[in-house]
Structure formats: C-alpha cells, structure tokens
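Peer 1: The structure file model_0.cif (mmCIF, C-alpha atoms) is provided below.
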```cif
data_query
loop_
_atom_site.label_atom_id
_atom_site.label_comp_id
_atom_site.auth_asym_id
_atom_site.auth_seq_id
_atom_site.Cartn_x
_atom_site.Cartn_y
_atom_site.Cartn_z
CA MET A 1 122.58 40.42 87.69
CA ASN A 2 125.95 42.07 87.99
CA ILE A 3 126.11 45.44 89.68
CA ASN A 4 129.07 47.57 88.75
CA ILE A 5 129.60 49.57 91.93
CA GLU A 6 132.39 51.55 90.37
CA GLU A 7 130.18 52.62 87.46
CA ILE A 8 127.38 53.64 89.82
CA SER A 9 129.81 55.57 91.96
CA THR A 10 131.14 57.35 88.92
CA ARG A 11 127.63 58.18 87.77
CA VAL A 12 126.62 59.54 91.17
CA THR A 13 129.77 61.61 91.32
CA GLU A 14 129.02 63.09 87.91
CA LEU A 15 125.43 63.93 88.93
CA VAL A 16 126.55 65.50 92.20
CA THR A 17 129.24 67.45 90.42
CA VAL A 18 126.93 68.77 87.72
CA TYR A 19 123.71 69.35 89.66
CA GLY A 20 125.43 70.14 92.93
CA LEU A 21 127.17 73.08 91.34
CA LYS A 22 123.88 74.20 89.77
CA ILE A 23 122.09 73.97 93.12
CA VAL A 24 124.84 75.91 94.84
CA ALA A 25 124.78 78.52 92.08
CA ALA A 26 120.96 78.76 92.28
CA LEU A 27 121.09 79.19 96.06
CA ALA A 28 123.79 81.82 95.70
CA ILE A 29 121.70 83.69 93.12
CA PHE A 30 118.64 83.54 95.37
CA ILE A 31 120.41 84.61 98.57
CA ILE A 32 122.50 87.37 97.00
CA GLY A 33 119.59 88.49 94.83
CA ARG A 34 117.26 88.74 97.81
CA ILE A 35 119.82 90.85 99.68
CA LEU A 36 120.24 93.14 96.68
CA ALA A 37 116.45 93.38 96.27
CA ARG A 38 116.11 94.52 99.89
CA MET A 39 118.91 97.04 99.45
CA ILE A 40 117.38 98.48 96.28
CA ALA A 41 113.91 98.63 97.87
CA SER A 42 115.38 100.42 100.90
CA GLY A 43 117.16 102.82 98.53
CA VAL A 44 113.85 103.59 96.83
CA GLU A 45 112.31 104.24 100.25
CA ARG A 46 115.11 106.61 101.32
CA ALA A 47 114.95 108.50 98.04
CA MET A 48 111.20 109.00 98.32
CA VAL A 49 111.41 110.03 101.98
CA LYS A 50 114.12 112.53 101.05
CA GLY A 51 111.84 113.82 98.30
CA LYS A 52 109.08 114.26 100.94
CA ALA A 53 106.68 111.83 99.27
CA GLU A 54 103.56 110.73 101.12
CA GLU A 55 104.11 107.94 103.65
CA SER A 56 101.52 105.62 102.10
CA LEU A 57 103.10 105.99 98.64
CA VAL A 58 106.58 105.35 100.06
CA GLY A 59 105.54 102.06 101.68
CA PHE A 60 103.70 100.90 98.57
CA ALA A 61 106.58 101.74 96.23
CA LYS A 62 109.06 99.94 98.50
CA ASN A 63 106.98 96.77 98.64
CA LEU A 64 106.27 96.85 94.91
CA ALA A 65 109.96 97.26 94.06
CA TYR A 66 110.94 94.41 96.39
CA ALA A 67 108.26 92.07 95.02
CA ALA A 68 109.24 92.76 91.40
CA LEU A 69 112.97 92.26 92.08
CA LEU A 70 112.38 89.11 94.11
CA THR A 71 110.29 87.64 91.28
CA PHE A 72 113.16 88.28 88.88
CA VAL A 73 115.63 86.65 91.32
CA ILE A 74 113.48 83.52 91.69
CA LEU A 75 113.17 83.14 87.93
CA ALA A 76 116.94 83.54 87.57
CA ALA A 77 117.56 80.87 90.22
CA LEU A 78 115.14 78.42 88.57
CA SER A 79 116.77 79.07 85.21
CA GLN A 80 120.15 78.19 86.74
CA LEU A 81 118.73 74.79 87.73
CA GLY A 82 117.83 74.15 84.11
CA ILE A 83 114.10 74.71 84.60
CA GLN A 84 112.45 76.44 81.68
CA THR A 85 111.03 79.71 83.04
CA THR A 86 109.27 80.77 79.84
CA SER A 87 106.09 79.00 80.90
CA PHE A 88 106.26 80.67 84.34
CA VAL A 89 106.53 84.10 82.73
CA ALA A 90 103.57 83.31 80.48
CA VAL A 91 101.48 82.15 83.45
CA ILE A 92 102.39 85.25 85.47
CA GLY A 93 101.51 87.47 82.52
CA ALA A 94 98.15 85.76 81.97
CA ALA A 95 97.36 85.95 85.68
CA GLY A 96 98.28 89.62 85.72
CA LEU A 97 95.99 90.31 82.76
CA ALA A 98 93.10 88.44 84.39
CA VAL A 99 93.56 90.27 87.68
CA GLY A 100 93.83 93.59 85.86
CA LEU A 101 90.53 93.02 84.04
CA ALA A 102 88.80 91.88 87.23
CA LEU A 103 90.08 94.85 89.22
CA GLN A 104 89.79 97.49 86.52
CA GLY A 105 87.92 99.94 88.75
CA SER A 106 90.30 99.40 91.67
CA LEU A 107 93.32 99.85 89.44
CA SER A 108 91.84 103.10 88.16
CA ASN A 109 91.46 104.29 91.75
CA PHE A 110 95.00 103.15 92.49
CA ALA A 111 96.46 105.05 89.53
CA ALA A 112 94.53 108.16 90.54
CA GLY A 113 95.73 107.75 94.14
CA VAL A 114 99.34 107.64 92.99
CA LEU A 115 98.79 110.83 90.96
CA ILE A 116 97.23 112.55 93.98
CA LEU A 117 100.17 111.60 96.19
CA ILE A 118 102.70 112.74 93.56
CA PHE A 119 101.12 116.00 92.34
CA LYS A 120 99.36 116.89 95.63
CA PRO A 121 96.26 118.80 94.44
CA TYR A 122 95.27 118.64 98.11
CA LYS A 123 96.73 117.41 101.38
CA ILE A 124 95.44 116.30 104.75
CA GLY A 125 93.76 119.22 106.53
CA ASP A 126 92.69 121.07 103.35
CA TYR A 127 89.04 121.95 102.77
CA VAL A 128 88.17 120.66 99.29
CA ALA A 129 85.29 119.91 96.97
CA ALA A 130 86.06 116.95 94.70
CA GLY A 131 84.39 113.89 93.26
CA GLY A 132 80.95 114.91 94.50
CA GLY A 133 82.11 115.35 98.10
CA GLU A 134 83.11 118.37 100.14
CA GLY A 135 84.86 118.71 103.48
CA ILE A 136 88.16 118.64 105.35
CA VAL A 137 90.57 115.99 104.07
CA LYS A 138 91.25 113.46 106.82
CA ASP A 139 93.05 110.72 104.90
CA ILE A 140 94.52 110.16 101.44
CA GLY A 141 94.75 106.47 100.64
CA ILE A 142 95.89 104.54 97.61
CA PHE A 143 92.28 103.91 96.53
CA THR A 144 90.11 106.51 98.31
CA THR A 145 90.18 109.95 99.92
CA THR A 146 88.29 110.48 103.19
CA VAL A 147 86.82 113.90 104.00
CA LEU A 148 84.88 115.16 107.00
CA THR A 149 82.00 117.54 106.31
CA LEU A 150 81.30 120.61 108.42
CA ASP A 151 78.38 118.81 110.06
CA ASN A 152 80.64 115.86 111.01
CA ARG A 153 79.73 113.40 108.25
CA THR A 154 82.44 111.16 106.82
CA GLN A 155 82.58 110.98 103.02
CA ILE A 156 84.75 108.41 101.24
CA ILE A 157 85.57 109.55 97.69
CA PRO A 158 87.07 107.14 95.10
CA ASN A 159 90.33 108.65 93.89
CA SER A 160 89.35 108.16 90.25
CA ALA A 161 86.24 110.29 90.86
CA ALA A 162 88.33 113.00 92.53
CA MET A 163 90.92 113.13 89.75
CA GLY A 164 88.32 112.70 87.00
CA GLY A 165 86.65 116.05 87.65
CA MET A 166 87.34 119.53 88.95
CA ILE A 167 89.00 119.82 92.35
CA GLU A 168 88.31 122.95 94.39
CA ASN A 169 90.88 123.45 97.13
CA TYR A 170 89.72 126.23 99.44
CA SER A 171 92.78 126.00 101.69
CA LYS A 172 95.72 125.87 99.28
CA GLU A 173 96.32 129.63 99.00
CA GLY A 174 95.92 130.27 102.74
CA THR A 175 93.42 133.12 102.27
CA ARG A 176 89.82 133.46 101.12
CA ARG A 177 87.50 136.32 100.21
CA LEU A 178 84.25 136.77 102.08
CA ASP A 179 81.47 137.73 99.66
CA LEU A 180 78.74 139.45 101.69
CA VAL A 181 75.89 141.67 100.54
CA ALA A 182 74.47 144.53 102.63
CA GLY A 183 71.11 145.82 101.41
CA VAL A 184 69.75 149.25 102.46
CA SER A 185 66.72 151.26 101.46
CA TYR A 186 66.72 153.88 98.71
CA GLY A 187 66.17 156.59 101.29
CA ASP A 188 69.45 155.98 103.15
CA ASP A 189 72.60 158.03 102.65
CA ILE A 190 74.99 155.98 100.49
CA LYS A 191 78.11 157.70 101.85
CA LYS A 192 77.00 157.04 105.43
CA VAL A 193 76.45 153.35 104.65
CA LYS A 194 79.93 153.04 103.17
CA ASP A 195 81.46 154.75 106.21
CA ILE A 196 79.65 152.30 108.53
CA LEU A 197 80.89 149.31 106.56
CA GLN A 198 84.43 150.70 106.51
CA GLY A 199 84.27 151.17 110.28
CA ILE A 200 83.34 147.52 110.70
CA LEU A 201 86.41 146.55 108.67
CA ASP A 202 88.69 148.86 110.67
CA ASP A 203 87.49 147.39 113.97
CA GLU A 204 88.18 143.77 113.01
CA PRO A 205 91.86 142.73 113.36
CA ARG A 206 91.29 139.36 111.64
CA ILE A 207 90.59 141.08 108.32
CA LEU A 208 93.69 141.26 106.13
CA ALA A 209 95.00 144.60 104.89
CA GLU A 210 96.21 142.96 101.67
CA PRO A 211 94.55 142.14 99.38
CA LYS A 212 92.56 145.30 99.98
CA PRO A 213 88.91 144.80 101.03
CA THR A 214 86.18 145.89 98.64
CA ILE A 215 83.16 148.02 99.56
CA GLY A 216 81.10 149.16 96.62
CA LEU A 217 77.58 149.69 95.34
CA MET A 218 76.87 146.41 93.58
CA GLU A 219 73.25 146.67 92.53
CA MET A 220 70.19 148.88 92.64
CA GLY A 221 67.57 146.21 93.14
CA ASP A 222 63.79 146.27 93.08
CA SER A 223 63.46 147.25 96.74
CA SER A 224 67.02 147.84 98.00
CA VAL A 225 70.40 149.29 97.23
CA ASN A 226 72.88 146.42 97.60
CA PHE A 227 76.48 146.94 98.65
CA ALA A 228 79.25 144.41 98.02
CA PHE A 229 81.19 143.81 101.24
CA ARG A 230 84.26 141.69 100.41
CA PRO A 231 87.12 141.46 102.91
CA TRP A 232 89.99 138.96 102.65
CA VAL A 233 90.61 136.65 105.59
CA LYS A 234 92.74 133.68 106.58
CA VAL A 235 91.25 130.30 105.75
CA GLU A 236 90.96 129.31 109.40
CA ASP A 237 88.99 132.53 110.19
CA TYR A 238 86.55 132.25 107.28
CA TRP A 239 83.47 130.79 108.94
CA ASP A 240 83.82 132.68 112.22
CA LEU A 241 84.00 135.98 110.36
CA PHE A 242 81.24 134.93 107.95
CA PHE A 243 78.77 134.90 110.83
CA ASP A 244 80.36 137.65 112.98
CA LEU A 245 80.43 140.27 110.24
CA GLN A 246 76.79 139.77 109.23
CA GLU A 247 75.78 140.17 112.86
CA ARG A 248 77.87 143.34 113.21
CA ILE A 249 76.38 144.84 110.05
CA LYS A 250 72.85 144.35 111.39
CA ILE A 251 73.75 145.80 114.80
CA ARG A 252 75.55 148.85 113.37
CA PHE A 253 72.77 149.58 110.86
CA ASP A 254 70.24 149.50 113.70
CA GLU A 255 72.41 151.81 115.82
CA GLU A 256 72.87 154.28 112.95
CA GLY A 257 69.25 154.22 111.84
CA VAL A 258 69.98 152.60 108.49
CA THR A 259 66.98 150.73 107.14
CA ILE A 260 67.32 147.16 105.93
CA PRO A 261 64.41 146.65 103.51
CA PHE A 262 62.43 143.45 103.32
CA PRO A 263 59.85 142.25 100.81
CA GLN A 264 56.42 143.71 101.45
CA ARG A 265 53.21 144.26 99.57
CA ASP A 266 50.91 147.28 99.72
CA VAL A 267 47.23 146.51 99.22
CA HIS A 268 44.96 149.36 98.10
CA LEU A 269 41.21 148.96 98.52
CA PHE A 270 38.82 150.96 96.37
CA GLU A 271 35.14 151.30 97.09
CA ASN A 272 32.91 150.91 94.09
CA LYS A 273 30.08 153.41 94.03
#
```
Could you express the structure from this file as structure tokens?
Peer 2:
Amino acid sequence: MNINIEEISTRVTELVTVYGLKIVAALAIFIIGRILARMIASGVERAMVKGKAEESLVGFAKNLAYAALLTFVILAALSQLGIQTTSFVAVIGAAGLAVGLALQGSLSNFAAGVLILIFKPYKIGDYVAAGGGEGIVKDIGIFTTTVLTLDNRTQIIPNSAAMGGMIENYSKEGTRRLDLVAGVSYGDDIKKVKDILQGILDDEPRILAEPKPTIGLMEMGDSSVNFAFRPWVKVEDYWDLFFDLQERIKIRFDEEGVTIPFPQRDVHLFENK
C-alpha cells in the first residue's frame, strides 16, 4: 500500500485553509457579536433609566435584549461554519410555542406587569383597590403586585387580574374628600348646627381651603335631619381626620345642646274596658 505523503499534506493544507478560515471567521463573529450585544443591551438599559422606567422592567428588558441578540450571533456563527441553522430556528420556534402554551397564565401576568410598569396606573406607596385586593402598594413585580392592607395583611394580586378590571387609586391625586354625615333632631336650629360644623372646620388646620369644604342639609330622614359634612384633606391625613372629626362633632353637639337622634320605639298601652 503506497502512501502519498505529498498528497496527504496537500489535502490537509486545503482543509486547514478552508475550514480554518471558517473557524476563525465564526469565532470573530461570535466574539464581536457578543461585545456588540452587550453594548446594545447596556444602551437599552441607559435609555430606560434616562426615561425613568421602573428598575425591574429595566433589568428584564436588558436581559431580554442581550439574550435575543446573543441567539442571533450564535446562529450567525454556526452558519459561517456551514451548519444549516434552519432546523435550529424551527426547534427554537417549536419550543417557544410549547412554553408559551404551558405558561399562558404566567405570560398574561407578565404582559400585564409590563403595562403596569410602562403606564403606571399606580406606584409603590399608593393606596389602591385592584384585582379584588385593597391596600398600600409595597411591590410591583413582573408577574404580581403586592399590597399591604390597613390591618397588616399581605395580598398578592396577579397583574392580569389588576389590569383586567377597574383600578381605584386613592393616592394619585394627592387629596381626598371626607364624606361624613351629621344627624340632628328636627327640633334643633339648622343655622346653629351649620355654624357649629363650620367652627369645627375653621379650627382644624389639616383641612384644605381649596377645594372648598361642603356643609349642607342632605336629607330629612325618618327621625333625623342629616347634614353632609365634606372637607377635603391630604391623602396622608385622611384616616386620622376621619376619626378625629367624628369625635369632635359629637363633643361639640353635646356642648351646644344639639340632640343626636337614635332609633327608638314608643309603646302605647290601652286598657280594654
């Protein structure tokens, strides 16, 4: 068996020349592409930080951009080596479809979380009612929103539930109106009652001058004349004043001799003769 060393050498040289250049080109594509992917991902991060996007959304967008670009770079490098990447793309697409169907609910929460972080219907620290929960927002995640109720219970609300219904944000405007009702008897002087209520407003510095508070006769009920007592307050003062003002109304009515009616029943007895 004759071995032609010169022919083998020539063949090896050809293979090294052809595939060596492809390998070098593939490595160059991968290395340079990875650097560019990091730069672009960092650019996305800086742009979102400059736009004052939520921190959790910034990190997710950066990682997603880097992963997508790196996948493209790897496919380009494999293609340079002569490997058919069509099958890889098909496999990735099928896997993505399967994962999407399996995680349909989670993806819905994710999409809703992105919308919350972009459009900001509420932020951390706001008092909201959304998705069947109500409380102070403690955390806004990609999948869930965490709120703390006034009695210190933690509620975890799926973002899709929050965005799928009405959201009441009690903190967004910075002020709230207290809706109180003061009931007096029909025998009391209406003007005197209004003067007492106005005096309570004048003595409380936490009540806002604008919008102007409302004091008015709201209803002539079955056993009482009911006055609407509606001052505007800052959000942070709402609950303190809610309790303080009702206590002051009771104290001032007692001091001024104003009667606060309560349900009662008169029983008349007749003697049959």
Peer 1: Using all atoms listed in the file, which residues sit within 9 Å of Ile157 of chain A once same-chain residues fewer than 6 positions away are excluded, as JSON, numbers by chain?
Peer 2: {"A": [130, 131, 132, 133, 143, 144, 145, 146, 147]}
Peer 1: Which polymer residues have any atom within 8 Å of an atom of Arg176 of chain A, counting only C-alpha atoms, with same-chain residues fewer than 4 positions away left out, as a VMD selection string?
Peer 2: chain A and resid 170 232 to 235 238
Peer 1: For Lys52 of chain A, which residue among A:Arg38, A:Lys191, A:Lys120, A:Lys22 is the nearest when counting only C-alpha atoms?
Peer 2: A:Lys120
Peer 1: Measure the distance from atom CA of Ala162 of chain A to atom CA of Val44 of chain A in Å and round it to one decimal.
Peer 2: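 Between these atoms lies a distance of 27.5 Å.
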Peer 1: Using the chain letters and numbers from this file, what does the PyMOL selection byres ((chain A and resi 179) around 12) select? Give the answer as a compact mmCIF listing (two decimals) with C-alpha atoms, in the frame of the given file.
Peer 2:
```txt
# COMPACT_ATOMS: atom_id res chain seq x y z
CA ARG A 176 89.82 133.46 101.12
CA ARG A 177 87.50 136.32 100.21
CA LEU A 178 84.25 136.77 102.08
CA LEU A 180 78.74 139.45 101.69
CA VAL A 181 75.89 141.67 100.54
CA ALA A 182 74.47 144.53 102.63
CA PRO A 213 88.91 144.80 101.03
CA THR A 214 86.18 145.89 98.64
CA ILE A 215 83.16 148.02 99.56
CA GLY A 216 81.10 149.16 96.62
CA MET A 218 76.87 146.41 93.58
CA PHE A 227 76.48 146.94 98.65
CA ALA A 228 79.25 144.41 98.02
CA PHE A 229 81.19 143.81 101.24
CA ARG A 230 84.26 141.69 100.41
CA PRO A 231 87.12 141.46 102.91
CA TRP A 232 89.99 138.96 102.65
CA VAL A 233 90.61 136.65 105.59
CA TYR A 238 86.55 132.25 107.28
CA TRP A 239 83.47 130.79 108.94
CA LEU A 241 84.00 135.98 110.36
CA PHE A 242 81.24 134.93 107.95
CA PHE A 243 78.77 134.90 110.83
CA LEU A 245 80.43 140.27 110.24
CA GLN A 246 76.79 139.77 109.23
```
Peer 1: Near Val225 of chain A, counting all atoms listed in the file, which residues have an atom at most 6 Å away, once you skip same-chain residues fewer than 3 positions from it, shown as a list of chain:residue names?
Peer 2: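 My list of contacting residues is A:Gly183, A:Val184, A:Ser185, A:Met220, A:Gly221.
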Peer 1: Okay, now the selection with C-alpha atoms, as a PDB file, in the coordinates of the input?
Peer 2:
```
ATOM      1  CA  GLY A 183      71.110 145.820 101.410  1.00  0.00           C
ATOM      2  CA  VAL A 184      69.750 149.250 102.460  1.00  0.00           C
ATOM      3  CA  SER A 185      66.720 151.260 101.460  1.00  0.00           C
ATOM      4  CA  MET A 220      70.190 148.880  92.640  1.00  0.00           C
ATOM      5  CA  GLY A 221      67.570 146.210  93.140  1.00  0.00           C
TER       6      GLY A 221
END
```
Peer 1: Interatomic distance between atom CA of Ile116 of chain A and atom CA of Met163 of chain A?
Peer 2: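 Going from atom CA of Ile116 of chain A over to atom CA of Met163 of chain A, I get 7.6 Å.
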Peer 1: Report, in Å to a single decimal, how far apart atom CA of Glu236 of chain A and atom CA of Lys138 of chain A are.
Peer 2: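 Between these atoms lies a distance of 16.1 Å.
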Peer 1: Taking the file as shown, find all residues satisfying the PyMOL selection byres ((chain A and resi 111) around 12) and write them as a PyMOL selection string.
Peer 2: chain A and resi 57+104-110+112-118+141-144+158-164
Peer 1: With distances taken over only C-alpha atoms, which residue among A:Ile156, A:Leu81, A:Met166, A:Ile32 lies nearest Gly135 of chain A?
Peer 2: A:Ile156
